[in-house]
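Chemist: For reference, the structure I am asking about is given below.
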Amino acid sequence: MRIAVGGRLHTRRRDGRSVPVLGSPGARGAAAFVAGALPALAFPEPSLWWFAHVALAPWMLLLRTAPTARRAAVEGWLGGVGFVVAVHHWLLPSLHVFLLVLAALFGLLWAPWGALVRTMLGGGPSTARAAAAVAAVPAGWLMIELIRSWEGLGGPWGLLGASQWQVGAALRLASVGGVWLTSLLVVAVNTVAVLLVAVRSARTPAVAGAVLCATAVTSAWVWAPVPRETGGLRVAVVQPGVVGGMLSAERRFDRGEELTRDLAGTELDLVVWGESSVGADLARRPDLADRLAALAEDVGAPILANVDARSEGATGPPGIYKSSVLVGPDGPTGDRYDKMRLVPFGEYIPARSVLGWVTSVGRAAGEDRLRGDSPVVMSLPDSGVRIGPLVCFESAFPDMSRRLTRDGAQVLVAQSATSSFQESWAPEQHASLAALRAAESGRPMVHATLTGVSAVYAAGGGQVGAALPTEASTAAVYDVPLVSGTTLYVRYGDWPVYASLALLVALGAVGGVRALRRPAAPGPAGPPVRTARGSSARPGR
């Protein structure tokens with residue numbers, strides 16, 4: 001119910017408190033959209049990593065003053081739309097207006113979170129509710145990230161914790177609980193900031209929450225296991241640069257061949273080419289296989305190429321696959337990995353019979369790629385070092401690099417191509433994900449692209465050497481440190497997700513029990529009862 005207090009519009013909450021309603025619904029909706037978009041500035045290319053710790057605060061301050069839970073859900077949805085559009089704006093050239101449709105659908109994931117923020121932070125929360133909010137609000141956010149991380153919904157791109165890819169303390173935290181734990185911390189800090197700014201009575205639990213966050217980071221920094229260096233691997237990354245026009249696949253191969261040949265005389269253990277660096281099946285084009293074998297002979301190291309072509313699957317039916325193929329001086333070694341997780345719309349159309357029309361409004365896949373069915377760990381012929389290949393946006397999935405590490409990979413290698421988004425934030429965002437995967441797995445990671453950004457990260461997530469920018473057409477050699485040991489994330493997996501889910505279930509159960517125990521409101525008085533003397537009285541009196 002809305003009432004006027006001192007000339008301002010207020011709403012009456014269930015606990016009896018009146019809360020001012022700030023702004024008209026239209027103004028609040030626009031503010032929610034803009035506020036939801038703010039966290040995008042924490043990711044590359046702006047890379048304002050520190051901003052992530054307060055970027056959610058304006059949105060949360062708006063949600064806590066929503067007049068009703070339904071309105072908070074609407075503003076959560078609108079903010080979610082803003083978040084998706086801002087973080088994925090570089091997809092506009094490919095998806096056009098369909099990006100807005102997807103944003104409107106994905107934005108619904110934030111509707112329950114909006115209601116949760118209002119429930120936990122609205123009005124004048126008690127000390128217990130404020131303390132619970134420091135854990136519950138981040139847990140609710142993590143459920144959104146978990147759902148978004150399903151490959152059918154686009155995969156885990158734009159997870160808030162990934163914005164901390166260049167912060168050593170955050171990377172150490174990722175080694176304990178993955179990017180999930182880093183996201184929890186970032187949202188917890190935002191929640192603490194809202195309590196300190198807007199709820200004077202909750203400053204004690206807010207300070208306690210801040211101390212707890214600092215303690216968690218310090219504990220991870222001091223006690224989390226650190227992989228031990230055991231040797232090194234000299235890896236060359238070949239980045240041919242943008243090659244367009246007619247016969248671009250052939251010309252790209254020629255440029256990669258030229259750059260690789262220039263590495264002759266350099267002591268190398270591995271040469272890595274980017275995604276789609278070979279545009280024909282090597283079994284059908286033995287001339288290309290022979291040229292790669294000759295290169296491997298010249299440089300004295302095997303070449304990890306990536307074939308994007310119609311072929312027989314390693315274990316599946318014939319079709320178009322993206323495959324990592326290891327080639328030595330004697331030709332393909334037999335090690336092949338077929339990409340398992342495909343980019344929705346870019347490499348296949350979900351429910352093509354229904355959504356196939358998107359190919360007419362954007363650069364969507366004209367034919368579905370086929371997927372492999374299992375990860376592959378390859379052994380380098382001479383050194384015996386075991387590498388775990390990933391293709392393109394598979395480097396965004398924490399579970400894939402964890403699986404390769406558990407299977408014995410000593411070096412993770414991601415082969416990528418982002419030339420369709422060359423002038424956008426996408427190349428830098430993609431390269432930054434390798435730092436998170438290296439920290440989580442405790443294994444160095446090589447991120448090799450056709451057109452940049454290519455980069456190499458050590459086992460703790462720190463960068464090795466200089467990255468190759470999008471304007472570069474070159475090859476670079478990196479001394480990659482090999483390590484031994486296991487991180488807590490590799491050992492225990494996604495435990496922050498399960499802990500957050502358990503917390504939300506427990507809070508829901510407590511809320512349900514309290515609702516059942518709450519006494520029912522007294523009903524309206526019954527009609528007067530006529531007495532024998534003609535007087536009247538009301539029941540219960």
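Labels used: A, B, ... for chains in the order of the structure tokens, numbers from 1 for residues in each chain, and numbers from 1 for ligands as shown.
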I'd like the contact shell of A:Val84 - 8 Å cut-off, only C-alpha atoms, skipping same-chain residues fewer than 6 positions apart - returned as a short mmCIF file (atom, residue, chain, number, x, y, z; two decimals) with all heavy atoms, in the first residue's frame.

Modeler:
```cif
data_model
loop_
_atom_site.label_atom_id
_atom_site.label_comp_id
_atom_site.auth_asym_id
_atom_site.auth_seq_id
_atom_site.Cartn_x
_atom_site.Cartn_y
_atom_site.Cartn_z
N ALA A 37 24.35 -2.39 -16.34
CA ALA A 37 25.41 -2.38 -17.35
C ALA A 37 26.77 -1.98 -16.78
O ALA A 37 27.80 -2.25 -17.41
CB ALA A 37 25.03 -1.43 -18.49
N ALA A 103 18.98 -10.93 -24.64
CA ALA A 103 19.18 -10.20 -23.39
C ALA A 103 17.89 -10.15 -22.58
O ALA A 103 17.92 -10.28 -21.35
CB ALA A 103 19.68 -8.79 -23.69
N PHE A 106 17.58 -13.74 -21.10
CA PHE A 106 18.56 -14.00 -20.05
C PHE A 106 18.36 -13.09 -18.84
O PHE A 106 18.66 -13.46 -17.71
CB PHE A 106 19.98 -13.84 -20.59
CG PHE A 106 20.40 -14.93 -21.53
CD1 PHE A 106 21.13 -14.65 -22.66
CD2 PHE A 106 20.07 -16.25 -21.27
CE1 PHE A 106 21.52 -15.65 -23.54
CE2 PHE A 106 20.46 -17.27 -22.13
CZ PHE A 106 21.19 -16.97 -23.27
N GLY A 107 17.87 -11.89 -19.10
CA GLY A 107 17.64 -10.96 -18.00
C GLY A 107 16.69 -11.49 -16.95
O GLY A 107 16.74 -11.08 -15.78
#
```

Chemist: Any idea what's packed within 6 Å of stretch 259-270 of chain A, counting only C-alpha atoms, ignoring anything in its chain fewer than 6 positions away? Could you give it as a PyMOL selection string?

Modeler: chain A and resi 234-235+298-299+301-302

Chemist: Just all heavy atoms for this one: save the residues we selected as a short mmCIF file (atom, residue, chain, number, x, y, z; two decimals), in the first residue's frame.

Modeler:
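In the end it all went to part_23.cif:
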```
data_model
loop_
_atom_site.label_atom_id
_atom_site.label_comp_id
_atom_site.auth_asym_id
_atom_site.auth_seq_id
_atom_site.Cartn_x
_atom_site.Cartn_y
_atom_site.Cartn_z
N ARG A 234 59.76 -24.68 -24.02
CA ARG A 234 59.83 -23.54 -24.94
C ARG A 234 58.76 -23.70 -26.00
O ARG A 234 58.78 -24.65 -26.80
CB ARG A 234 61.23 -23.44 -25.56
CG ARG A 234 62.27 -22.88 -24.59
CD ARG A 234 63.66 -22.82 -25.19
NE ARG A 234 63.77 -21.96 -26.34
CZ ARG A 234 63.90 -20.62 -26.29
NH1 ARG A 234 63.88 -19.99 -25.12
NH2 ARG A 234 64.03 -19.91 -27.39
N VAL A 235 57.84 -22.75 -25.98
CA VAL A 235 56.66 -22.82 -26.85
C VAL A 235 56.63 -21.59 -27.75
O VAL A 235 56.81 -20.46 -27.29
CB VAL A 235 55.36 -22.87 -26.01
CG1 VAL A 235 54.14 -22.91 -26.93
CG2 VAL A 235 55.36 -24.08 -25.09
N ASP A 298 61.93 -28.72 -39.79
CA ASP A 298 62.78 -27.52 -39.85
C ASP A 298 63.00 -26.89 -38.49
O ASP A 298 64.12 -26.46 -38.17
CB ASP A 298 62.17 -26.50 -40.80
CG ASP A 298 62.23 -26.94 -42.26
OD1 ASP A 298 63.01 -27.87 -42.56
OD2 ASP A 298 61.49 -26.36 -43.08
N VAL A 299 61.93 -26.80 -37.69
CA VAL A 299 62.04 -26.10 -36.39
C VAL A 299 62.41 -27.04 -35.26
O VAL A 299 62.69 -26.60 -34.15
CB VAL A 299 60.74 -25.35 -36.05
CG1 VAL A 299 60.42 -24.32 -37.12
CG2 VAL A 299 59.57 -26.31 -35.86
N ALA A 301 60.46 -29.25 -33.71
CA ALA A 301 59.42 -29.37 -32.69
C ALA A 301 58.09 -29.70 -33.36
O ALA A 301 57.84 -29.28 -34.50
CB ALA A 301 59.28 -28.08 -31.89
N PRO A 302 57.22 -30.44 -32.68
CA PRO A 302 55.90 -30.73 -33.26
C PRO A 302 55.05 -29.47 -33.32
O PRO A 302 55.27 -28.51 -32.58
CB PRO A 302 55.31 -31.75 -32.29
CG PRO A 302 56.00 -31.49 -30.99
CD PRO A 302 57.39 -31.05 -31.35
#
```

Chemist: Can you list, as a count of residues only, every residue of stretch 245-402 of chain A that DSSP puts in helix (DSSP H, G or I)?

Modeler: 47

Chemist: Enter the distance from atom CA of A:Gly154 to atom CA of A:Phe393, in Å, rounded to one decimal.

Modeler: 9.4 Å

Chemist: Could you give me, as a list in words, the residues within 7 Å of A:Glu428, counting only C-alpha atoms and dropping anything in the same chain fewer than 2 positions from it?

Modeler: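 So, after excluding close chain neighbours, the residues are Pro44, Glu45, Trp425, Ala426, His430, Ala431, Ser432 and Val453 of chain A.
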